[in-house]
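Participant: Enclosed is the structure file query-v6.pdb (PDB, C-alpha atoms, pLDDT in the B column).
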ATOM      1  CA  MET A 150      42.084 -74.423   8.923  1.00 46.00           C
ATOM      2  CA  SER A 151      40.244 -71.114   8.500  1.00 47.00           C
ATOM      3  CA  ASP A 152      37.428 -70.269  10.932  1.00 50.00           C
ATOM      4  CA  ALA A 153      35.761 -68.044   8.348  1.00 47.00           C
ATOM      5  CA  PRO A 154      32.110 -68.940   7.741  1.00 51.00           C
ATOM      6  CA  ARG A 155      31.400 -70.865   4.570  1.00 54.00           C
ATOM      7  CA  PRO A 156      28.201 -70.727   2.510  1.00 50.00           C
ATOM      8  CA  ASP A 157      27.495 -74.360   3.476  1.00 52.00           C
ATOM      9  CA  ASP A 158      27.385 -73.306   7.131  1.00 49.00           C
ATOM     10  CA  ALA A 159      23.902 -71.977   6.395  1.00 46.00           C
ATOM     11  CA  ASP A 160      22.644 -75.573   6.574  1.00 49.00           C
ATOM     12  CA  ARG A 161      23.183 -75.563  10.317  1.00 47.00           C
ATOM     13  CA  VAL A 162      21.304 -72.313  10.993  1.00 44.00           C
ATOM     14  CA  PRO A 163      17.593 -72.385  11.950  1.00 45.00           C
ATOM     15  CA  LEU A 164      15.366 -71.275   9.108  1.00 47.00           C
ATOM     16  CA  GLU A 165      13.289 -68.091   9.059  1.00 48.00           C
ATOM     17  CA  PRO A 166       9.528 -68.385   8.776  1.00 50.00           C
ATOM     18  CA  PRO A 167       8.758 -68.828   5.041  1.00 53.00           C
ATOM     19  CA  SER A 168       6.363 -65.862   5.078  1.00 63.00           C
ATOM     20  CA  ALA A 169       9.135 -63.492   6.177  1.00 65.00           C
ATOM     21  CA  ALA A 170      11.509 -64.856   3.549  1.00 65.00           C
ATOM     22  CA  ASP A 171       8.848 -64.510   0.869  1.00 67.00           C
ATOM     23  CA  SER A 172       8.227 -60.892   1.851  1.00 70.00           C
ATOM     24  CA  VAL A 173      11.929 -60.027   1.695  1.00 67.00           C
ATOM     25  CA  SER A 174      12.250 -61.889  -1.600  1.00 68.00           C
ATOM     26  CA  ALA A 175       9.342 -59.953  -3.106  1.00 66.00           C
ATOM     27  CA  ALA A 176      10.760 -56.627  -1.927  1.00 68.00           C
ATOM     28  CA  LEU A 177      14.222 -57.359  -3.318  1.00 67.00           C
ATOM     29  CA  GLY A 178      12.859 -58.724  -6.569  1.00 64.00           C
ATOM     30  CA  SER A 179      10.596 -55.730  -7.083  1.00 66.00           C
ATOM     31  CA  ALA A 180      13.513 -53.365  -6.454  1.00 63.00           C
ATOM     32  CA  ALA A 181      15.668 -55.280  -8.945  1.00 65.00           C
ATOM     33  CA  ARG A 182      12.899 -55.202 -11.528  1.00 64.00           C
ATOM     34  CA  ARG A 183      12.453 -51.445 -11.088  1.00 62.00           C
ATOM     35  CA  ALA A 184      16.206 -51.113 -11.614  1.00 59.00           C
ATOM     36  CA  GLY A 185      15.842 -52.840 -14.976  1.00 59.00           C
ATOM     37  CA  LEU A 186      16.776 -56.401 -14.050  1.00 66.00           C
ATOM     38  CA  ASP A 187      13.837 -58.273 -15.530  1.00 63.00           C
ATOM     39  CA  PRO A 188      14.547 -61.718 -17.047  1.00 61.00           C
ATOM     40  CA  SER A 189      11.373 -61.491 -19.114  1.00 57.00           C
ATOM     41  CA  LYS A 190      12.626 -58.362 -20.881  1.00 62.00           C
ATOM     42  CA  HIS A 191      16.343 -59.003 -21.333  1.00 55.00           C
ATOM     43  CA  SER A 192      17.792 -62.057 -23.009  1.00 57.00           C
ATOM     44  CA  SER A 193      21.401 -60.881 -22.980  1.00 69.00           C
ATOM     45  CA  THR A 194      23.682 -60.008 -20.092  1.00 68.00           C
ATOM     46  CA  GLY A 195      24.808 -56.783 -21.747  1.00 74.00           C
ATOM     47  CA  ALA A 196      21.239 -55.558 -22.144  1.00 74.00           C
ATOM     48  CA  ALA A 197      20.409 -56.361 -18.530  1.00 72.00           C
ATOM     49  CA  VAL A 198      23.489 -54.627 -17.119  1.00 76.00           C
ATOM     50  CA  TRP A 199      23.007 -51.604 -19.383  1.00 76.00           C
ATOM     51  CA  SER A 200      19.387 -51.326 -18.291  1.00 74.00           C
ATOM     52  CA  ALA A 201      20.300 -51.637 -14.610  1.00 74.00           C
ATOM     53  CA  MET A 202      22.801 -48.801 -14.978  1.00 77.00           C
ATOM     54  CA  GLY A 203      20.132 -46.655 -16.652  1.00 74.00           C
ATOM     55  CA  GLY A 204      21.934 -46.366 -19.984  1.00 79.00           C
ATOM     56  CA  TRP A 205      23.954 -43.262 -20.776  1.00 83.00           C
ATOM     57  CA  ARG A 206      21.644 -41.070 -18.728  1.00 82.00           C
ATOM     58  CA  GLY A 207      22.037 -43.254 -15.653  1.00 80.00           C
ATOM     59  CA  ILE A 208      25.813 -43.323 -16.027  1.00 87.00           C
ATOM     60  CA  LEU A 209      25.999 -39.553 -16.340  1.00 88.00           C
ATOM     61  CA  GLU A 210      23.712 -39.081 -13.341  1.00 85.00           C
ATOM     62  CA  SER A 211      25.911 -41.383 -11.296  1.00 85.00           C
ATOM     63  CA  VAL A 212      29.301 -40.040 -12.345  1.00 91.00           C
ATOM     64  CA  LEU A 213      29.086 -36.361 -13.311  1.00 92.00           C
ATOM     65  CA  PRO A 214      28.169 -34.779  -9.938  1.00 92.00           C
ATOM     66  CA  SER A 215      31.065 -36.525  -8.185  1.00 92.00           C
ATOM     67  CA  LEU A 216      33.433 -35.915 -11.089  1.00 94.00           C
ATOM     68  CA  ALA A 217      32.587 -32.204 -11.169  1.00 95.00           C
ATOM     69  CA  PHE A 218      33.214 -31.917  -7.442  1.00 95.00           C
ATOM     70  CA  VAL A 219      36.591 -33.660  -7.622  1.00 95.00           C
ATOM     71  CA  VAL A 220      37.813 -31.704 -10.659  1.00 96.00           C
ATOM     72  CA  LEU A 221      36.735 -28.286  -9.381  1.00 95.00           C
ATOM     73  CA  PHE A 222      38.004 -28.903  -5.868  1.00 95.00           C
ATOM     74  CA  THR A 223      41.359 -30.055  -7.241  1.00 94.00           C
ATOM     75  CA  VAL A 224      41.934 -27.202  -9.694  1.00 94.00           C
ATOM     76  CA  THR A 225      41.027 -24.587  -7.073  1.00 94.00           C
ATOM     77  CA  ILE A 226      43.297 -25.899  -4.309  1.00 90.00           C
ATOM     78  CA  ASP A 227      45.172 -23.111  -2.567  1.00 87.00           C
ATOM     79  CA  PRO A 228      48.877 -24.072  -2.236  1.00 83.00           C
ATOM     80  CA  GLU A 229      49.010 -22.515   1.231  1.00 81.00           C
ATOM     81  CA  THR A 230      45.850 -23.907   2.796  1.00 78.00           C
ATOM     82  CA  ARG A 231      45.744 -27.035   0.587  1.00 79.00           C
ATOM     83  CA  GLN A 232      41.993 -26.577   0.380  1.00 85.00           C
ATOM     84  CA  GLY A 233      39.917 -26.166  -2.766  1.00 89.00           C
ATOM     85  CA  ASP A 234      36.905 -23.928  -3.309  1.00 93.00           C
ATOM     86  CA  LEU A 235      34.366 -26.012  -1.418  1.00 93.00           C
ATOM     87  CA  LEU A 236      31.365 -23.800  -2.119  1.00 94.00           C
ATOM     88  CA  LEU A 237      31.976 -23.740  -5.881  1.00 95.00           C
ATOM     89  CA  SER A 238      32.659 -27.481  -6.081  1.00 95.00           C
ATOM     90  CA  LEU A 239      29.570 -28.412  -4.097  1.00 95.00           C
ATOM     91  CA  GLY A 240      27.411 -25.869  -5.897  1.00 95.00           C
ATOM     92  CA  VAL A 241      28.211 -27.286  -9.327  1.00 95.00           C
ATOM     93  CA  SER A 242      27.813 -30.865  -8.089  1.00 94.00           C
ATOM     94  CA  VAL A 243      24.362 -30.173  -6.615  1.00 94.00           C
ATOM     95  CA  GLY A 244      23.431 -28.125  -9.677  1.00 94.00           C
ATOM     96  CA  LEU A 245      24.171 -31.042 -12.006  1.00 92.00           C
ATOM     97  CA  ALA A 246      22.112 -33.422  -9.866  1.00 90.00           C
ATOM     98  CA  LEU A 247      19.240 -30.918  -9.960  1.00 91.00           C
ATOM     99  CA  VAL A 248      19.460 -30.599 -13.753  1.00 91.00           C
ATOM    100  CA  PHE A 249      19.269 -34.379 -14.158  1.00 87.00           C
ATOM    101  CA  THR A 250      16.211 -34.534 -11.909  1.00 88.00           C
ATOM    102  CA  ILE A 251      14.426 -31.758 -13.778  1.00 89.00           C
ATOM    103  CA  ALA A 252      15.284 -33.380 -17.120  1.00 86.00           C
ATOM    104  CA  ARG A 253      13.656 -36.636 -15.998  1.00 83.00           C
ATOM    105  CA  LEU A 254      10.570 -34.820 -14.805  1.00 82.00           C
ATOM    106  CA  ILE A 255      10.259 -32.957 -18.111  1.00 85.00           C
ATOM    107  CA  ALA A 256      10.729 -36.172 -20.073  1.00 79.00           C
ATOM    108  CA  LYS A 257       8.160 -37.884 -17.804  1.00 75.00           C
ATOM    109  CA  SER A 258      10.584 -40.738 -17.234  1.00 73.00           C
ATOM    110  CA  PRO A 259      10.863 -42.481 -13.839  1.00 67.00           C
ATOM    111  CA  PRO A 260      12.619 -39.848 -11.682  1.00 64.00           C
ATOM    112  CA  SER A 261      13.356 -42.080  -8.692  1.00 68.00           C
ATOM    113  CA  ALA A 262      17.046 -42.612  -9.523  1.00 63.00           C
ATOM    114  CA  ALA A 263      17.704 -38.940 -10.194  1.00 65.00           C
ATOM    115  CA  ILE A 264      15.732 -37.836  -7.122  1.00 77.00           C
ATOM    116  CA  GLY A 265      17.636 -40.313  -4.973  1.00 76.00           C
ATOM    117  CA  GLY A 266      20.905 -39.040  -6.387  1.00 74.00           C
ATOM    118  CA  LEU A 267      19.845 -35.425  -5.812  1.00 83.00           C
ATOM    119  CA  PHE A 268      18.900 -36.118  -2.211  1.00 87.00           C
ATOM    120  CA  ALA A 269      22.210 -37.881  -1.530  1.00 86.00           C
ATOM    121  CA  THR A 270      24.192 -35.103  -3.224  1.00 88.00           C
ATOM    122  CA  VAL A 271      22.423 -32.348  -1.291  1.00 92.00           C
ATOM    123  CA  ALA A 272      22.756 -34.164   2.046  1.00 92.00           C
ATOM    124  CA  ALA A 273      26.471 -34.735   1.474  1.00 93.00           C
ATOM    125  CA  ALA A 274      26.962 -31.105   0.424  1.00 93.00           C
ATOM    126  CA  VAL A 275      25.208 -29.814   3.546  1.00 95.00           C
ATOM    127  CA  LEU A 276      27.448 -31.929   5.765  1.00 94.00           C
ATOM    128  CA  ALA A 277      30.613 -30.805   3.952  1.00 94.00           C
ATOM    129  CA  LEU A 278      29.598 -27.145   4.181  1.00 94.00           C
ATOM    130  CA  PHE A 279      28.781 -27.554   7.864  1.00 94.00           C
ATOM    131  CA  THR A 280      32.194 -29.043   8.682  1.00 94.00           C
ATOM    132  CA  GLY A 281      34.126 -27.082   6.056  1.00 92.00           C
ATOM    133  CA  ARG A 282      35.963 -30.231   4.983  1.00 94.00           C
ATOM    134  CA  GLY A 283      35.817 -31.498   1.410  1.00 93.00           C
ATOM    135  CA  GLN A 284      36.278 -35.126   2.416  1.00 95.00           C
ATOM    136  CA  ASP A 285      32.985 -35.030   4.320  1.00 95.00           C
ATOM    137  CA  ASN A 286      31.191 -34.897   0.979  1.00 95.00           C
ATOM    138  CA  PHE A 287      31.806 -38.655   0.852  1.00 95.00           C
ATOM    139  CA  VAL A 288      30.724 -39.643   4.369  1.00 95.00           C
ATOM    140  CA  PHE A 289      27.232 -40.835   3.455  1.00 93.00           C
ATOM    141  CA  GLY A 290      28.749 -43.142   0.852  1.00 93.00           C
ATOM    142  CA  PHE A 291      30.702 -44.882   3.606  1.00 96.00           C
ATOM    143  CA  PHE A 292      27.528 -45.562   5.569  1.00 95.00           C
ATOM    144  CA  THR A 293      25.769 -46.817   2.437  1.00 94.00           C
ATOM    145  CA  ASN A 294      28.574 -49.210   1.569  1.00 96.00           C
ATOM    146  CA  GLY A 295      28.773 -50.383   5.163  1.00 97.00           C
ATOM    147  CA  ALA A 296      25.038 -51.052   5.327  1.00 96.00           C
ATOM    148  CA  TYR A 297      24.901 -52.910   2.013  1.00 95.00           C
ATOM    149  CA  GLY A 298      28.004 -54.941   2.755  1.00 96.00           C
ATOM    150  CA  THR A 299      26.723 -55.910   6.188  1.00 97.00           C
ATOM    151  CA  ALA A 300      23.327 -56.896   4.785  1.00 95.00           C
ATOM    152  CA  PHE A 301      24.875 -59.191   2.173  1.00 96.00           C
ATOM    153  CA  LEU A 302      27.240 -60.776   4.684  1.00 97.00           C
ATOM    154  CA  VAL A 303      24.599 -61.339   7.342  1.00 96.00           C
ATOM    155  CA  SER A 304      22.208 -62.816   4.783  1.00 94.00           C
ATOM    156  CA  VAL A 305      24.777 -65.500   4.002  1.00 95.00           C
ATOM    157  CA  LEU A 306      25.520 -66.209   7.658  1.00 95.00           C
ATOM    158  CA  VAL A 307      21.821 -66.773   8.433  1.00 92.00           C
ATOM    159  CA  GLY A 308      21.351 -68.969   5.379  1.00 91.00           C
ATOM    160  CA  TRP A 309      19.211 -66.660   3.240  1.00 92.00           C
ATOM    161  CA  PRO A 310      21.607 -64.992   0.756  1.00 94.00           C
ATOM    162  CA  LEU A 311      20.101 -61.838  -0.707  1.00 93.00           C
ATOM    163  CA  ILE A 312      21.002 -62.811  -4.270  1.00 93.00           C
ATOM    164  CA  GLY A 313      18.985 -65.989  -3.889  1.00 91.00           C
ATOM    165  CA  LEU A 314      15.971 -64.143  -2.488  1.00 90.00           C
ATOM    166  CA  ALA A 315      15.975 -61.622  -5.336  1.00 88.00           C
ATOM    167  CA  ALA A 316      16.609 -64.238  -8.016  1.00 87.00           C
ATOM    168  CA  GLY A 317      13.858 -66.472  -6.714  1.00 85.00           C
ATOM    169  CA  TYR A 318      11.300 -63.695  -7.068  1.00 82.00           C
ATOM    170  CA  LEU A 319      12.502 -62.536 -10.487  1.00 80.00           C
ATOM    171  CA  LEU A 320      12.434 -66.073 -11.883  1.00 78.00           C
ATOM    172  CA  GLY A 321       9.077 -66.914 -10.325  1.00 79.00           C
ATOM    173  CA  GLU A 322      10.566 -69.687  -8.184  1.00 79.00           C
ATOM    174  CA  GLY A 323      10.050 -68.179  -4.741  1.00 81.00           C
ATOM    175  CA  THR A 324      12.340 -69.817  -2.192  1.00 82.00           C
ATOM    176  CA  SER A 325      12.390 -73.227  -3.870  1.00 86.00           C
ATOM    177  CA  TRP A 326      16.071 -72.673  -4.681  1.00 88.00           C
ATOM    178  CA  ARG A 327      16.877 -73.542  -1.061  1.00 88.00           C
ATOM    179  CA  ALA A 328      16.103 -77.181  -1.812  1.00 88.00           C
ATOM    180  CA  ASP A 329      18.974 -77.233  -4.302  1.00 88.00           C
ATOM    181  CA  LYS A 330      22.363 -77.368  -2.574  1.00 90.00           C
ATOM    182  CA  ARG A 331      24.173 -76.128  -5.698  1.00 90.00           C
ATOM    183  CA  GLN A 332      21.969 -73.078  -6.040  1.00 91.00           C
ATOM    184  CA  ARG A 333      22.291 -72.233  -2.350  1.00 92.00           C
ATOM    185  CA  ARG A 334      26.075 -72.433  -2.612  1.00 93.00           C
ATOM    186  CA  VAL A 335      26.266 -70.238  -5.730  1.00 93.00           C
ATOM    187  CA  PHE A 336      23.867 -67.639  -4.344  1.00 94.00           C
ATOM    188  CA  SER A 337      25.866 -67.568  -1.112  1.00 95.00           C
ATOM    189  CA  TRP A 338      29.161 -66.978  -2.892  1.00 96.00           C
ATOM    190  CA  LEU A 339      27.603 -64.310  -5.090  1.00 95.00           C
ATOM    191  CA  SER A 340      26.276 -62.534  -2.013  1.00 96.00           C
ATOM    192  CA  LEU A 341      29.708 -62.793  -0.402  1.00 97.00           C
ATOM    193  CA  GLY A 342      31.175 -61.297  -3.562  1.00 96.00           C
ATOM    194  CA  TRP A 343      28.913 -58.267  -3.241  1.00 96.00           C
ATOM    195  CA  ALA A 344      29.781 -57.960   0.436  1.00 97.00           C
ATOM    196  CA  ALA A 345      33.472 -58.019  -0.515  1.00 97.00           C
ATOM    197  CA  LEU A 346      32.928 -55.271  -3.100  1.00 97.00           C
ATOM    198  CA  PHE A 347      31.377 -52.934  -0.546  1.00 97.00           C
ATOM    199  CA  ALA A 348      34.038 -53.832   2.005  1.00 97.00           C
ATOM    200  CA  ALA A 349      36.818 -53.131  -0.512  1.00 97.00           C
ATOM    201  CA  ARG A 350      35.460 -49.632  -1.084  1.00 97.00           C
ATOM    202  CA  LEU A 351      35.644 -48.921   2.635  1.00 97.00           C
ATOM    203  CA  ILE A 352      39.081 -50.476   3.056  1.00 97.00           C
ATOM    204  CA  VAL A 353      40.558 -48.396   0.223  1.00 97.00           C
ATOM    205  CA  GLN A 354      38.703 -45.130   0.729  1.00 97.00           C
ATOM    206  CA  LEU A 355      38.543 -44.687   4.510  1.00 97.00           C
ATOM    207  CA  PRO A 356      42.327 -44.160   4.928  1.00 97.00           C
ATOM    208  CA  LEU A 357      42.161 -41.397   2.289  1.00 96.00           C
ATOM    209  CA  TYR A 358      39.242 -39.817   4.122  1.00 96.00           C
ATOM    210  CA  PHE A 359      41.158 -39.690   7.406  1.00 96.00           C
ATOM    211  CA  ALA A 360      44.218 -38.376   5.545  1.00 94.00           C
ATOM    212  CA  GLY A 361      42.092 -35.583   4.065  1.00 92.00           C
ATOM    213  CA  ASP A 362      43.119 -36.423   0.497  1.00 94.00           C
ATOM    214  CA  VAL A 363      39.968 -35.232  -1.274  1.00 95.00           C
ATOM    215  CA  THR A 364      41.302 -35.647  -4.812  1.00 94.00           C
ATOM    216  CA  ALA A 365      42.436 -39.249  -4.359  1.00 96.00           C
ATOM    217  CA  LEU A 366      39.312 -40.111  -2.373  1.00 96.00           C
ATOM    218  CA  GLY A 367      36.964 -38.700  -4.994  1.00 95.00           C
ATOM    219  CA  THR A 368      38.870 -40.294  -7.856  1.00 95.00           C
ATOM    220  CA  LEU A 369      38.815 -43.745  -6.259  1.00 95.00           C
ATOM    221  CA  LYS A 370      35.151 -43.355  -5.403  1.00 95.00           C
ATOM    222  CA  ILE A 371      34.410 -42.954  -9.112  1.00 94.00           C
ATOM    223  CA  ILE A 372      36.762 -45.767 -10.152  1.00 94.00           C
ATOM    224  CA  MET A 373      35.308 -48.158  -7.579  1.00 94.00           C
ATOM    225  CA  GLY A 374      31.760 -47.214  -8.526  1.00 92.00           C
ATOM    226  CA  LEU A 375      30.325 -48.219 -11.901  1.00 89.00           C
ATOM    227  CA  PRO A 376      33.599 -49.747 -13.226  1.00 91.00           C
ATOM    228  CA  LEU A 377      33.358 -52.399 -10.484  1.00 92.00           C
ATOM    229  CA  PHE A 378      29.579 -52.498 -10.173  1.00 92.00           C
ATOM    230  CA  ALA A 379      28.972 -53.393 -13.834  1.00 90.00           C
ATOM    231  CA  PRO A 380      31.272 -56.469 -14.004  1.00 91.00           C
ATOM    232  CA  MET A 381      29.962 -57.745 -10.666  1.00 92.00           C
ATOM    233  CA  LEU A 382      26.405 -57.335 -11.877  1.00 90.00           C
ATOM    234  CA  ALA A 383      27.236 -59.142 -15.126  1.00 89.00           C
ATOM    235  CA  VAL A 384      28.762 -62.098 -13.256  1.00 90.00           C
ATOM    236  CA  THR A 385      25.729 -62.266 -10.980  1.00 90.00           C
ATOM    237  CA  TRP A 386      23.296 -62.142 -13.909  1.00 86.00           C
ATOM    238  CA  LEU A 387      25.154 -64.864 -15.803  1.00 87.00           C
ATOM    239  CA  ALA A 388      25.284 -67.131 -12.759  1.00 87.00           C
ATOM    240  CA  VAL A 389      21.600 -66.668 -11.962  1.00 85.00           C
ATOM    241  CA  ARG A 390      20.529 -67.370 -15.554  1.00 82.00           C
ATOM    242  CA  ALA A 391      22.782 -70.417 -15.733  1.00 82.00           C
ATOM    243  CA  LEU A 392      21.121 -71.863 -12.637  1.00 79.00           C
ATOM    244  CA  SER A 393      17.597 -71.137 -13.777  1.00 71.00           C
ATOM    245  CA  PRO A 394      15.753 -74.108 -15.277  1.00 58.00           C
ATOM    246  CA  ARG A 395      13.879 -71.604 -17.446  1.00 53.00           C
ATOM    247  CA  ARG A 396      16.925 -70.103 -19.067  1.00 47.00           C
ATOM    248  CA  GLU A 397      16.785 -69.609 -22.776  1.00 45.00           C
ATOM    249  CA  ALA A 398      18.986 -71.624 -25.111  1.00 40.00           C
TER     250      ALA A 398
END
Reformat the file's structure so that it appears as structure tokens.
Facilitator:
Amino acid sequence: MSDAPRPDDADRVPLEPPSAADSVSAALGSAARRAGLDPSKHSSTGAAVWSAMGGWRGILESVLPSLAFVVLFTVTIDPETRQGDLLLSLGVSVGLALVFTIARLIAKSPPSAAIGGLFATVAAAVLALFTGRGQDNFVFGFFTNGAYGTAFLVSVLVGWPLIGLAAGYLLGEGTSWRADKRQRRVFSWLSLGWAALFAARLIVQLPLYFAGDVTALGTLKIIMGLPLFAPMLAVTWLAVRALSPRREA
């Protein structure tokens, strides 16, 4: 019999003060709404997922800087040193992130996503330039995945799955979902699914980082990014809407 914690184990864990749970729920729900996940605006799963990804602009902002780095680093690899042109690769990557940020500012559209991407790209570039190793351009992503994965896992273990907290706020139900055993179970498994996604990224990518395989590492980072994020988000959205008593016919 497996000793792994099950979502139902949350029933035996002392509850947090409702005020704290409500505050976390509001924060998560607000963040999800800013990301485009608003049940009052999107009736279809495709529209919700597309909005959360930011449409074509959001996809390009997410993919192009990393793709440019991987391609340029790979095509400039010196057969003797087995190292690509780090300065050129990072320069183009940061330049693209800067262009996206400026474009949002000119268009007067919400620049938070582009600014966040620019900050992350610059920070990663500074670290890689400091160490002189191309694989260090991906270090901050490891910490991000580790933090998110841990948060989702811990939320299930303490009986307050993050998906449930966010969904409760978005649907205007607060934490009432905890009174429904079925909803608690589904929200727990969804949260575990997200934790598994972030863990999978680390499990696959960390060995490549330690091996110094920049091309494979960067390629898998892109593949395990939006191509996995979008289906997981769609499954989560469908499950949440199916459980909501307010769902549309």
Participant: Within 6 Å of (36.2, -50.0, -4.6), all atoms listed in the file: residues as number ranges by chain?
Facilitator: A: 349-350, 373
Participant: Might you spell out which residues the PyMOL selection byres ((chain A and resi 340) around 6) would select in the displayed file, as a ChimeraX atom specification?
Facilitator: /A:301,310,312,337-339,341-343
Participant: Given the file shown, determine the residues that the PyMOL selection byres ((chain A and resi 219) around 10) selects; report them as a ChimeraX atom specification.
Facilitator: /A:213-218,220-224,233,238-239,242,283,363-368,371
Participant: Looking at A:Leu387, A:Leu392, A:Leu245, A:Gly195, which one is nearest to Lys330 in chain A, with distances taken over all atoms listed in the file?
Facilitator: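 Among A:Leu387, A:Leu392, A:Leu245, A:Gly195, it is A:Leu392 that comes nearest to Lys330 in chain A.
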Participant: Give, as lines of an AutoDock Vina configuration file, the centre coordinates and the x, y and z edge lengths in Å to one decimal for an axis-aligned box around all listed atoms of range 344-357 of chain A, padded by 5 Å on each side.
Facilitator:
center_x = 36.1
center_y = -49.7
center_z = 0.9
size_x = 22.5
size_y = 26.6
size_z = 18.0
Participant: Apply the PyMOL selection byres ((chain A and resi 232) around 10) to the displayed file and report the matching residues as a PyMOL selection string.
Facilitator: chain A and resi 222-223+225-231+233-235+281-283+361-363
Participant: Would you work out the distance separating CA of Phe291 in chain A from CA of Val353 in chain A, expressed in Å to one decimal?
Facilitator: 11.0 Å
Participant: Can you find the residues with an atom no farther than 10 Å from (29.4, -47.8, -1.4), counting all atoms listed in the file, and report them as a list in words?
Facilitator: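 Neighbouring residues, ordered by chain and number, come to Phe287, Phe289, Gly290, Phe291, Phe292, Thr293, Asn294, Gly295, Ala296, Tyr297, Gly298, Leu346, Phe347, Ala348, Ala349, Arg350, Leu351, Gln354, Lys370, Met373, Gly374 and Phe378 of chain A.
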Participant: Interatomic distance between CA of Ala360 in chain A and CA of Leu237 in chain A?
Facilitator: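 Separation between CA of Ala360 in chain A and CA of Leu237 in chain A: 22.2 Å.
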Participant: May I ask which of the residues A:Ala345, A:Leu236, A:Ala388, A:Val303 is the closest one to Phe279 in chain A, counting only C-alpha atoms?
Facilitator: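 Closest to Phe279 in chain A, using only C-alpha atoms: A:Leu236.
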Participant: Quick one: distance from CA of Asp329 in chain A to CA of Val198 in chain A in Å, one decimal?
Facilitator: 26.4 Å
Participant: Hey, which of A:Ala277, A:Ala391, A:Leu382, A:Val307 ends up closest to Ala197 in chain A? Count all atoms listed in the file.
Facilitator: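 Selected residue with least distance to Ala197 in chain A: A:Leu382.
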